[in-house]
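Everything below concerns the one structure shown next.
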Amino acid sequence: MWLDLRAHTSLCNAGRDMKAGLLITVLLWLAALSFGNPSPSAGRASDPASKAVAITVDDLPGAVPGTGQAVGDLKDLQRINQRIPEILKAHHAPAIGFVNEWKLQVSGERDARVALLQTWLDAGLTLGNHTYSHASFQTTPLAQYEDEVIRGEVVTRALMKAAGREEMYFRHPFLQTGPTAEAKTAFEQFLKAHGYQVAPVTVDNDDWMFNDVLGTAIETKNKRLAEEAKSAYLDHMNAAFDYYETVSRSLFHRDIPQILLIHDSELNAKCLDTALTNLERRGYRFVLLNEALADPAYATPDLFVGPQGISWLSRWKLAFGQSPWNSDPDPPAWVVKMSNEIRQAKRTN
Ligand SMILES: [Zn+2]
């Protein structure tokens, strides 16, 4: 009897072990499914939607053609901030808009301008901090630059909180991350202490230059120039993705999730729908900024110090012992020339 009991117990244990083994196998298999089991085809450029991009939109509530110093016309801004979130929503692109709160401070229009930001949250999008007045870290002392962050979050944080959102991202104006290594490090610590995460950029397409040209085309009722500006912009965005995909593959041997920078402008109100369709055709799906940032590539240290607002893919080259200077495609020479002339004229007027 005693022996029988032992035999029975031992059999039960064997059964339990077998069941446990099977359970572990099933769990491992499920984990492999949910976390993406690396297969030979994973991340291949030709796979449909194998590539990811987070869309980030700067200078809310509106980037005015020809200058960074204008608050813009409310009616134009209402149209732009209606259209861009609408396009993003239609493409299921969970984008983030970075705000310069000084553009809200227009007497008699404050509520209407805050409502422009609310449109983004209502569309399920996120807001972030782009400093109060679009300050340059190259020319603004650290303490004053930090004040720019605090002053620039008052409305945005309140709106985010009311929408049940806590996460806060910071985008450096002009992508200038600090005049010295010390200032850069000190500012990064400041951001961390205030609950911010830096929002890097991997694909910059100089859309503001095309927006300058489009602005002039609209002002002078030159339909042909408007069409040329829009079509050159879409071509240039494709060229920029060609280039930064190549850099991604050369550094990481795969397509990392990209982070695209565009501006809250008339140009994108008109072109973003086609631009996002082009990206879908390239095999991209649109992801949240934090999903892109969770990729291990973003743990690469950014060792770049300098006034140039260059892509993080270029910055990371330093960590790989390479020069950050490279040949990312410039907009067509006629666009660069016209944009320069438009900006020069606005400065001297
Ligand atoms: Zn900006």
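The way I read the labels, and the way they are meant: chains A, B, ... in the order of the structure tokens, residue 1 as the first residue of every chain, and ligand 1 as the first ligand shown, with later ones counted on from there.
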### Task
Return as a count of residues only every polymer residue, whether protein, DNA or RNA, with at least one atom no more than 6 Å from an atom of ligand 1; count only C-alpha atoms and all ligand atoms.
4
### Query
Taking the backbone alone, and naming residues the way the document does, which bits of range 89-295 of chain A are alpha helix (DSSP H) by DSSP, as a VMD selection string?
chain A and resid 89 to 90 110 to 122 142 to 151 154 to 162 181 to 193 207 to 219 223 to 252 266 to 281 289 to 293
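Using only C-alpha atoms, the shortest contact distance between Ile262 in chain A and any of A:Ala112, A:Ala163, A:Ile55, A:Ala229 is found at A:Ile55.
Residues in contact range of range 340-347 of chain A, defined as at most 10 Å between only C-alpha atoms, with sequence neighbours fewer than 2 positions away removed, read Pro65, Gly66, Thr67, Gly68, Gln69, Met209, Asp212, Val213, Gly215, Thr216, Trp334, Val335, Val336, Lys337, Met338 and Asn349 of chain A.
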Excluding range 125-128 of chain A and residues on its chain fewer than 2 positions from it, collect all residues at most 8 Å away from it, counting only C-alpha atoms, and give them as a compact mmCIF listing (two decimals) with C-alpha atoms, in the first residue's frame.
# COMPACT_ATOMS: atom_id res chain seq x y z
CA PRO A 85 -5.16 66.40 -37.85
CA PRO A 94 -0.68 58.83 -34.23
CA ALA A 95 1.37 62.01 -34.61
CA ILE A 96 2.63 64.57 -32.11
CA GLY A 97 2.51 68.35 -32.55
CA PHE A 98 5.16 70.53 -30.89
CA VAL A 99 3.88 73.87 -29.62
CA LEU A 117 -4.35 72.84 -30.04
CA TRP A 120 -5.14 67.91 -32.19
CA LEU A 121 -6.07 66.25 -28.90
CA ASP A 122 -9.65 65.71 -30.07
CA ALA A 123 -8.25 63.85 -33.10
CA HIS A 130 8.98 73.29 -28.54
CA THR A 156 0.05 72.43 -23.37
CA MET A 160 -2.80 67.23 -22.10
CA MET A 168 5.65 65.06 -22.30
CA TYR A 169 8.16 65.34 -25.13
CA PHE A 170 10.57 68.13 -25.94
CA ARG A 171 11.71 69.07 -29.43
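Considering the residues A:Ala199, A:Val155, A:Thr246, A:Thr140 and counting only C-alpha atoms, Ala183 in chain A has its shortest atom-to-atom contact with A:Thr140.
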